[in-house]
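Asks: To be precise about what I am sending: the file is called start35.cif and holds mmCIF, N, CA and C atoms.
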```cif
data_start
#
loop_
_atom_site.label_atom_id
_atom_site.label_comp_id
_atom_site.auth_asym_id
_atom_site.auth_seq_id
_atom_site.Cartn_x
_atom_site.Cartn_y
_atom_site.Cartn_z
N MET A 259 -15.98 46.18 188.77
CA MET A 259 -16.45 46.36 190.11
C MET A 259 -17.53 45.32 190.37
N SER A 260 -17.48 44.75 191.54
CA SER A 260 -18.49 43.74 191.86
C SER A 260 -19.33 44.22 193.04
N THR A 261 -20.51 43.76 193.08
CA THR A 261 -21.41 44.09 194.17
C THR A 261 -21.82 42.82 194.87
N CYS A 262 -22.13 42.96 196.11
CA CYS A 262 -22.54 41.80 196.89
C CYS A 262 -23.87 42.12 197.55
N GLU A 263 -24.86 41.36 197.22
CA GLU A 263 -26.16 41.56 197.83
C GLU A 263 -26.37 40.47 198.87
N THR A 264 -26.85 40.88 200.02
CA THR A 264 -27.10 39.89 201.07
C THR A 264 -28.57 39.84 201.37
N PHE A 265 -29.13 38.73 201.11
CA PHE A 265 -30.53 38.46 201.45
C PHE A 265 -30.56 37.18 202.25
N SER A 266 -31.40 37.15 203.19
CA SER A 266 -31.51 35.97 204.01
C SER A 266 -32.86 35.31 203.78
N THR A 267 -32.81 34.00 203.77
CA THR A 267 -34.07 33.28 203.62
C THR A 267 -34.70 33.00 204.97
N GLU A 268 -33.98 33.37 206.05
CA GLU A 268 -34.52 33.13 207.39
C GLU A 268 -35.67 34.09 207.67
N VAL A 269 -36.58 33.62 208.46
CA VAL A 269 -37.72 34.44 208.84
C VAL A 269 -37.29 35.38 209.96
N ARG A 270 -37.59 36.63 209.82
CA ARG A 270 -37.26 37.60 210.87
C ARG A 270 -38.21 37.42 212.04
N PRO A 271 -37.68 37.57 213.25
CA PRO A 271 -38.58 37.48 214.40
C PRO A 271 -39.57 38.64 214.40
N ALA A 272 -40.72 38.36 214.89
CA ALA A 272 -41.76 39.39 214.93
C ALA A 272 -41.33 40.51 215.86
N ARG A 273 -41.59 41.73 215.46
CA ARG A 273 -41.21 42.87 216.27
C ARG A 273 -42.15 43.07 217.45
N ASN A 274 -43.38 42.69 217.27
CA ASN A 274 -44.32 42.89 218.37
C ASN A 274 -44.21 41.71 219.34
N ARG A 275 -44.13 42.05 220.61
CA ARG A 275 -44.01 41.02 221.63
C ARG A 275 -45.39 40.46 221.96
N THR A 276 -45.34 39.27 222.45
CA THR A 276 -46.59 38.70 222.91
C THR A 276 -46.93 39.33 224.26
N LEU A 277 -48.15 39.28 224.63
CA LEU A 277 -48.60 39.90 225.87
C LEU A 277 -47.91 39.31 227.11
N PRO A 278 -47.75 38.00 227.23
CA PRO A 278 -47.05 37.47 228.41
C PRO A 278 -45.59 37.91 228.49
N ALA A 279 -44.91 37.99 227.34
CA ALA A 279 -43.51 38.43 227.34
C ALA A 279 -43.41 39.90 227.76
N LEU A 280 -44.33 40.71 227.28
CA LEU A 280 -44.34 42.11 227.65
C LEU A 280 -44.63 42.28 229.14
N GLY A 281 -45.58 41.49 229.65
CA GLY A 281 -45.90 41.54 231.08
C GLY A 281 -44.72 41.11 231.93
N ALA A 282 -44.00 40.09 231.49
CA ALA A 282 -42.82 39.63 232.23
C ALA A 282 -41.73 40.69 232.24
N ALA A 283 -41.55 41.39 231.13
CA ALA A 283 -40.54 42.45 231.06
C ALA A 283 -40.89 43.60 231.99
N VAL A 284 -42.16 43.98 232.01
CA VAL A 284 -42.61 45.06 232.90
C VAL A 284 -42.45 44.65 234.35
N LEU A 285 -42.82 43.42 234.68
CA LEU A 285 -42.68 42.92 236.05
C LEU A 285 -41.22 42.89 236.48
N ALA A 286 -40.33 42.46 235.59
CA ALA A 286 -38.90 42.42 235.91
C ALA A 286 -38.37 43.83 236.17
N ALA A 287 -38.82 44.81 235.39
CA ALA A 287 -38.38 46.19 235.59
C ALA A 287 -38.88 46.73 236.92
N VAL A 288 -40.10 46.42 237.28
CA VAL A 288 -40.66 46.88 238.56
C VAL A 288 -39.92 46.25 239.73
N VAL A 289 -39.64 44.96 239.63
CA VAL A 289 -38.92 44.26 240.70
C VAL A 289 -37.51 44.83 240.86
N ALA A 290 -36.83 45.09 239.74
CA ALA A 290 -35.49 45.66 239.80
C ALA A 290 -35.52 47.05 240.42
N ARG A 291 -36.48 47.86 240.06
CA ARG A 291 -36.60 49.20 240.62
C ARG A 291 -36.87 49.16 242.12
N TYR A 292 -37.72 48.22 242.55
CA TYR A 292 -38.01 48.06 243.98
C TYR A 292 -36.75 47.65 244.74
N GLN A 293 -35.94 46.77 244.16
CA GLN A 293 -34.71 46.34 244.82
C GLN A 293 -33.73 47.49 244.96
N VAL A 294 -33.62 48.34 243.94
CA VAL A 294 -32.75 49.51 244.01
C VAL A 294 -33.24 50.45 245.11
N TRP A 295 -34.53 50.67 245.20
CA TRP A 295 -35.10 51.55 246.23
C TRP A 295 -34.82 50.98 247.62
N LYS A 296 -34.99 49.67 247.78
CA LYS A 296 -34.76 49.03 249.07
C LYS A 296 -33.28 49.14 249.47
N ASN A 297 -32.38 48.94 248.53
CA ASN A 297 -30.95 49.04 248.81
C ASN A 297 -30.56 50.47 249.17
N ARG A 298 -31.16 51.47 248.51
CA ARG A 298 -30.85 52.86 248.85
C ARG A 298 -31.29 53.19 250.28
N ARG A 299 -32.41 52.65 250.69
CA ARG A 299 -32.86 52.86 252.07
C ARG A 299 -31.89 52.24 253.06
N SER A 300 -31.39 51.06 252.75
CA SER A 300 -30.42 50.39 253.62
C SER A 300 -29.12 51.19 253.70
N VAL A 301 -28.68 51.73 252.58
CA VAL A 301 -27.47 52.55 252.57
C VAL A 301 -27.70 53.82 253.38
N ALA A 302 -28.86 54.43 253.27
CA ALA A 302 -29.16 55.65 254.03
C ALA A 302 -29.12 55.37 255.53
N ARG A 303 -29.50 54.16 255.94
CA ARG A 303 -29.46 53.82 257.37
C ARG A 303 -28.03 53.74 257.89
N LEU A 304 -27.06 53.58 257.01
CA LEU A 304 -25.66 53.55 257.44
C LEU A 304 -25.21 54.89 258.01
N LEU A 305 -25.91 55.97 257.66
CA LEU A 305 -25.55 57.29 258.19
C LEU A 305 -25.78 57.37 259.69
N GLU A 306 -26.55 56.45 260.26
CA GLU A 306 -26.77 56.43 261.70
C GLU A 306 -25.59 55.81 262.44
N TRP A 307 -24.70 55.13 261.73
CA TRP A 307 -23.54 54.49 262.35
C TRP A 307 -22.47 55.53 262.64
N ASP A 308 -21.63 55.24 263.64
CA ASP A 308 -20.51 56.15 263.91
C ASP A 308 -19.32 55.77 263.02
N ALA A 309 -18.26 56.59 263.08
CA ALA A 309 -17.12 56.42 262.19
C ALA A 309 -16.41 55.09 262.41
N HIS A 310 -16.36 54.63 263.66
CA HIS A 310 -15.67 53.37 263.94
C HIS A 310 -16.42 52.19 263.33
N MET A 311 -17.73 52.21 263.42
CA MET A 311 -18.52 51.11 262.85
C MET A 311 -18.40 51.10 261.33
N LEU A 312 -18.43 52.27 260.72
CA LEU A 312 -18.26 52.34 259.27
C LEU A 312 -16.85 51.90 258.87
N GLY A 313 -15.87 52.30 259.67
CA GLY A 313 -14.49 51.90 259.39
C GLY A 313 -14.30 50.39 259.45
N ASP A 314 -15.07 49.72 260.31
CA ASP A 314 -14.96 48.27 260.41
C ASP A 314 -15.37 47.57 259.11
N ILE A 315 -16.25 48.18 258.36
CA ILE A 315 -16.65 47.58 257.08
C ILE A 315 -15.94 48.27 255.90
N GLY A 316 -14.96 49.11 256.21
CA GLY A 316 -14.14 49.71 255.16
C GLY A 316 -14.75 50.91 254.48
N LEU A 317 -15.61 51.65 255.18
CA LEU A 317 -16.26 52.82 254.59
C LEU A 317 -16.08 54.05 255.46
N THR A 318 -16.37 55.19 254.88
CA THR A 318 -16.41 56.44 255.63
C THR A 318 -17.79 57.06 255.41
N GLU A 319 -18.09 58.07 256.21
CA GLU A 319 -19.36 58.76 256.04
C GLU A 319 -19.45 59.41 254.67
N GLY A 320 -18.33 59.91 254.19
CA GLY A 320 -18.29 60.50 252.85
C GLY A 320 -18.62 59.49 251.76
N ASP A 321 -18.18 58.25 251.96
CA ASP A 321 -18.52 57.20 250.99
C ASP A 321 -20.03 57.00 250.90
N VAL A 322 -20.67 57.01 252.06
CA VAL A 322 -22.13 56.80 252.09
C VAL A 322 -22.83 57.96 251.40
N TYR A 323 -22.41 59.19 251.73
CA TYR A 323 -23.03 60.36 251.10
C TYR A 323 -22.83 60.36 249.58
N SER A 324 -21.62 59.99 249.14
CA SER A 324 -21.37 60.01 247.70
C SER A 324 -22.14 58.90 246.99
N ALA A 325 -22.34 57.76 247.65
CA ALA A 325 -23.15 56.69 247.05
C ALA A 325 -24.60 57.12 246.93
N LEU A 326 -25.09 57.85 247.91
CA LEU A 326 -26.48 58.32 247.86
C LEU A 326 -26.65 59.48 246.87
N ALA A 327 -25.56 60.12 246.49
CA ALA A 327 -25.64 61.24 245.56
C ALA A 327 -25.72 60.77 244.10
N THR A 328 -25.61 59.47 243.88
CA THR A 328 -25.72 58.97 242.52
C THR A 328 -27.18 59.06 242.05
N ARG A 329 -27.39 58.77 240.79
CA ARG A 329 -28.74 58.84 240.24
C ARG A 329 -29.66 57.87 240.97
N ALA A 330 -30.92 58.18 240.99
CA ALA A 330 -31.90 57.39 241.74
C ALA A 330 -32.07 55.99 241.17
N ASN A 331 -31.75 55.80 239.91
CA ASN A 331 -31.93 54.47 239.33
C ASN A 331 -30.67 53.60 239.45
N GLU A 332 -29.60 54.12 240.11
CA GLU A 332 -28.39 53.35 240.33
C GLU A 332 -28.42 52.76 241.73
N ASP A 333 -27.88 51.57 241.87
CA ASP A 333 -27.88 50.88 243.15
C ASP A 333 -26.75 51.44 244.02
N ALA A 334 -27.11 52.10 245.11
CA ALA A 334 -26.12 52.72 246.00
C ALA A 334 -25.29 51.66 246.72
N SER A 335 -25.86 50.50 246.97
CA SER A 335 -25.10 49.46 247.67
C SER A 335 -23.95 48.95 246.79
N THR A 336 -24.15 48.91 245.49
CA THR A 336 -23.07 48.51 244.59
C THR A 336 -21.95 49.55 244.61
N GLN A 337 -22.34 50.82 244.66
CA GLN A 337 -21.34 51.89 244.74
C GLN A 337 -20.50 51.76 246.02
N LEU A 338 -21.17 51.48 247.14
CA LEU A 338 -20.45 51.32 248.40
C LEU A 338 -19.53 50.11 248.36
N GLN A 339 -19.98 49.04 247.79
CA GLN A 339 -19.15 47.85 247.70
C GLN A 339 -17.89 48.14 246.88
N MET A 340 -18.03 48.87 245.79
CA MET A 340 -16.88 49.21 244.97
C MET A 340 -15.90 50.11 245.72
N ARG A 341 -16.42 51.08 246.47
CA ARG A 341 -15.53 51.96 247.25
C ARG A 341 -14.79 51.18 248.32
N SER A 342 -15.47 50.27 248.99
CA SER A 342 -14.85 49.45 250.02
C SER A 342 -13.74 48.58 249.42
N LEU A 343 -14.03 47.96 248.29
CA LEU A 343 -13.02 47.12 247.63
C LEU A 343 -11.82 47.95 247.16
N GLU A 344 -12.08 49.12 246.61
CA GLU A 344 -10.99 49.98 246.16
C GLU A 344 -10.09 50.35 247.33
N ARG A 345 -10.69 50.71 248.46
CA ARG A 345 -9.90 51.10 249.62
C ARG A 345 -9.10 49.90 250.15
N ARG A 346 -9.72 48.72 250.18
CA ARG A 346 -9.02 47.53 250.67
C ARG A 346 -7.84 47.19 249.78
N PHE A 347 -8.04 47.21 248.46
CA PHE A 347 -6.96 46.89 247.54
C PHE A 347 -5.85 47.94 247.60
N ALA A 348 -6.21 49.20 247.77
CA ALA A 348 -5.20 50.25 247.89
C ALA A 348 -4.38 50.05 249.16
N ASN A 349 -5.02 49.71 250.27
CA ASN A 349 -4.29 49.46 251.51
C ASN A 349 -3.37 48.26 251.39
N GLU A 350 -3.85 47.20 250.73
CA GLU A 350 -3.00 46.02 250.52
C GLU A 350 -1.81 46.35 249.63
N ALA A 351 -2.03 47.16 248.61
CA ALA A 351 -0.93 47.54 247.72
C ALA A 351 0.10 48.39 248.46
N GLN A 352 -0.36 49.30 249.31
CA GLN A 352 0.57 50.12 250.09
C GLN A 352 1.38 49.26 251.06
N ALA A 353 0.72 48.30 251.71
CA ALA A 353 1.42 47.41 252.63
C ALA A 353 2.46 46.59 251.89
N HIS A 354 2.11 46.12 250.70
CA HIS A 354 3.05 45.35 249.90
C HIS A 354 4.26 46.22 249.54
N ASP A 355 4.01 47.45 249.12
CA ASP A 355 5.11 48.36 248.76
C ASP A 355 6.02 48.62 249.96
N ARG A 356 5.42 48.77 251.14
CA ARG A 356 6.24 48.99 252.34
C ARG A 356 7.10 47.78 252.65
N ARG A 357 6.54 46.57 252.49
CA ARG A 357 7.32 45.35 252.74
C ARG A 357 8.48 45.23 251.74
N VAL A 358 8.22 45.53 250.48
CA VAL A 358 9.26 45.45 249.46
C VAL A 358 10.35 46.47 249.76
N HIS A 359 9.95 47.68 250.13
CA HIS A 359 10.93 48.72 250.43
C HIS A 359 11.78 48.32 251.64
N ALA A 360 11.16 47.77 252.67
CA ALA A 360 11.91 47.35 253.85
C ALA A 360 12.89 46.22 253.49
N ALA A 361 12.48 45.31 252.65
CA ALA A 361 13.38 44.22 252.23
C ALA A 361 14.55 44.78 251.44
N GLN A 362 14.30 45.77 250.60
CA GLN A 362 15.39 46.38 249.83
C GLN A 362 16.35 47.11 250.75
N MET A 363 15.83 47.77 251.77
CA MET A 363 16.69 48.48 252.70
C MET A 363 17.54 47.50 253.51
N ARG A 364 16.93 46.37 253.91
CA ARG A 364 17.70 45.36 254.64
C ARG A 364 18.78 44.78 253.75
N ALA A 365 18.46 44.56 252.48
CA ALA A 365 19.42 43.97 251.55
C ALA A 365 20.56 44.93 251.24
N SER A 366 20.28 46.22 251.29
CA SER A 366 21.33 47.20 250.98
C SER A 366 22.30 47.39 252.14
N GLY A 367 21.99 46.81 253.28
CA GLY A 367 22.92 46.87 254.41
C GLY A 367 22.69 48.04 255.33
N SER A 368 21.59 48.73 255.21
CA SER A 368 21.31 49.84 256.10
C SER A 368 21.15 49.33 257.52
N ALA A 369 21.89 49.90 258.45
CA ALA A 369 21.87 49.44 259.84
C ALA A 369 20.50 49.64 260.47
N ARG A 370 19.78 50.63 260.02
CA ARG A 370 18.47 50.92 260.59
C ARG A 370 17.47 49.79 260.34
N TYR A 371 17.62 49.08 259.24
CA TYR A 371 16.66 48.07 258.87
C TYR A 371 17.17 46.64 259.06
N GLN A 372 18.30 46.48 259.72
CA GLN A 372 18.80 45.13 260.00
C GLN A 372 17.98 44.48 261.10
N ARG A 373 17.69 43.21 260.92
CA ARG A 373 16.96 42.48 261.96
C ARG A 373 17.89 42.22 263.12
N LYS A 374 17.33 42.37 264.32
CA LYS A 374 18.13 42.11 265.51
C LYS A 374 18.11 40.63 265.82
N ALA A 375 19.26 40.12 266.13
CA ALA A 375 19.36 38.68 266.41
C ALA A 375 19.11 38.37 267.86
#
```
Render the structure in this file as structure tokens.
Replies:
Amino acid sequence: MSTCETFSTEVRPARNRTLPALGAAVLAAVVARYQVWKNRRSVARLLEWDAHMLGDIGLTEGDVYSALATRANEDASTQLQMRSLERRFANEAQAHDRRVHAAQMRASGSARYQRKA
């Protein structure tokens, strides 16, 4: 039986951070938290819009409420963007399926789907 020992001659990085690096990390966390708070306020203002205005950007009132129901440290605007994209891609996929189905019906000779000359 053989054993393998692994030792490195490289110097390990110091575990304690320098004060400027620690300050930069804290500042970055505060800035990120402020941005999340600001985005949540903007999303909350979308509740003042009517259904037609929300529909123009691909959202519903339920989407806004569900985005605001996420944890406070999650960006609600990212949640809304994902819901809007999901809905858009689903609508495009359904339209594609309808076009394919109509082409198949025309090819099968169904009189209902023949193009009029």
Asks: Enter the distance from CA of Ala282 in chain A to atom N of Arg298 in chain A, in Å, rounded to one decimal.
Replies: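 Calculated distance between CA of Ala282 in chain A and atom N of Arg298 in chain A is 23.3 Å.
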Asks: Can you give me, as a PyMOL selection string, the residues this file yields under the PyMOL selection byres (((chain A and resi 301-306 and name CA) around 7) and name CA)?
Replies: chain A and resi 297-300+307-308+319+322+334-335
Asks: I need the chosen residues saved as a CSV table (one decimal), in the frame of the given file, with N, CA and C atoms.
Replies:
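again26.csv written:
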```csv
chain,number,residue,atom,x,y,z
A,297,ASN,N,-32.4,48.9,248.5
A,297,ASN,CA,-31.0,49.0,248.8
A,297,ASN,C,-30.6,50.5,249.2
A,298,ARG,N,-31.2,51.5,248.5
A,298,ARG,CA,-30.8,52.9,248.8
A,298,ARG,C,-31.3,53.2,250.3
A,299,ARG,N,-32.4,52.6,250.7
A,299,ARG,CA,-32.9,52.9,252.1
A,299,ARG,C,-31.9,52.2,253.1
A,300,SER,N,-31.4,51.1,252.8
A,300,SER,CA,-30.4,50.4,253.6
A,300,SER,C,-29.1,51.2,253.7
A,307,TRP,N,-24.7,55.1,261.7
A,307,TRP,CA,-23.5,54.5,262.4
A,307,TRP,C,-22.5,55.5,262.6
A,308,ASP,N,-21.6,55.2,263.6
A,308,ASP,CA,-20.5,56.2,263.9
A,308,ASP,C,-19.3,55.8,263.0
A,319,GLU,N,-18.1,58.1,256.2
A,319,GLU,CA,-19.4,58.8,256.0
A,319,GLU,C,-19.4,59.4,254.7
A,322,VAL,N,-20.7,57.0,252.1
A,322,VAL,CA,-22.1,56.8,252.1
A,322,VAL,C,-22.8,58.0,251.4
A,334,ALA,N,-27.1,52.1,245.1
A,334,ALA,CA,-26.1,52.7,246.0
A,334,ALA,C,-25.3,51.7,246.7
A,335,SER,N,-25.9,50.5,247.0
A,335,SER,CA,-25.1,49.5,247.7
A,335,SER,C,-24.0,49.0,246.8
```
Asks: Let me make sure I understand: among A:Leu338, A:Val289, A:Ala279, A:Ala361, which one has the smallest atom-to-atom distance to Ile315 in chain A if we use only C-alpha atoms?
Replies: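 Among the listed residues, A:Leu338 lies closest to Ile315 in chain A.
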Asks: Just the number, please: distance in Å from CA of Asp321 in chain A to CA of Arg341 in chain A, one decimal.
Replies: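 Atom-to-atom, CA of Asp321 in chain A and CA of Arg341 in chain A are spaced 7.1 Å apart.
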Asks: Check the smallest atom-to-atom distance from each of A:Ala290, A:Leu317, A:Val284, A:Ala309 to Ser342 in chain A using only N, CA and C atoms, then report the winner.
Replies: A:Leu317
Asks: Please provide as number ranges by chain all residues within 8 Å of Asn331 in chain A, with the sequence filter that same-chain residues fewer than 5 positions apart are discarded (counting only N, CA and C atoms).
Replies: A: 291, 294-295
Asks: To one decimal in Å, tell me the separation between atom C of Glu332 in chain A and CA of Asn349 in chain A.
Replies: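 These atoms are spaced 26.2 Å apart.
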Asks: Using only C-alpha atoms, which of the listed residues (A:Arg345, A:Lys296, A:Arg329, A:Arg357) sits closest to Gly316 in chain A?
Replies: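 Looking at the shortest contact to Gly316 in chain A, the residue is A:Arg345.
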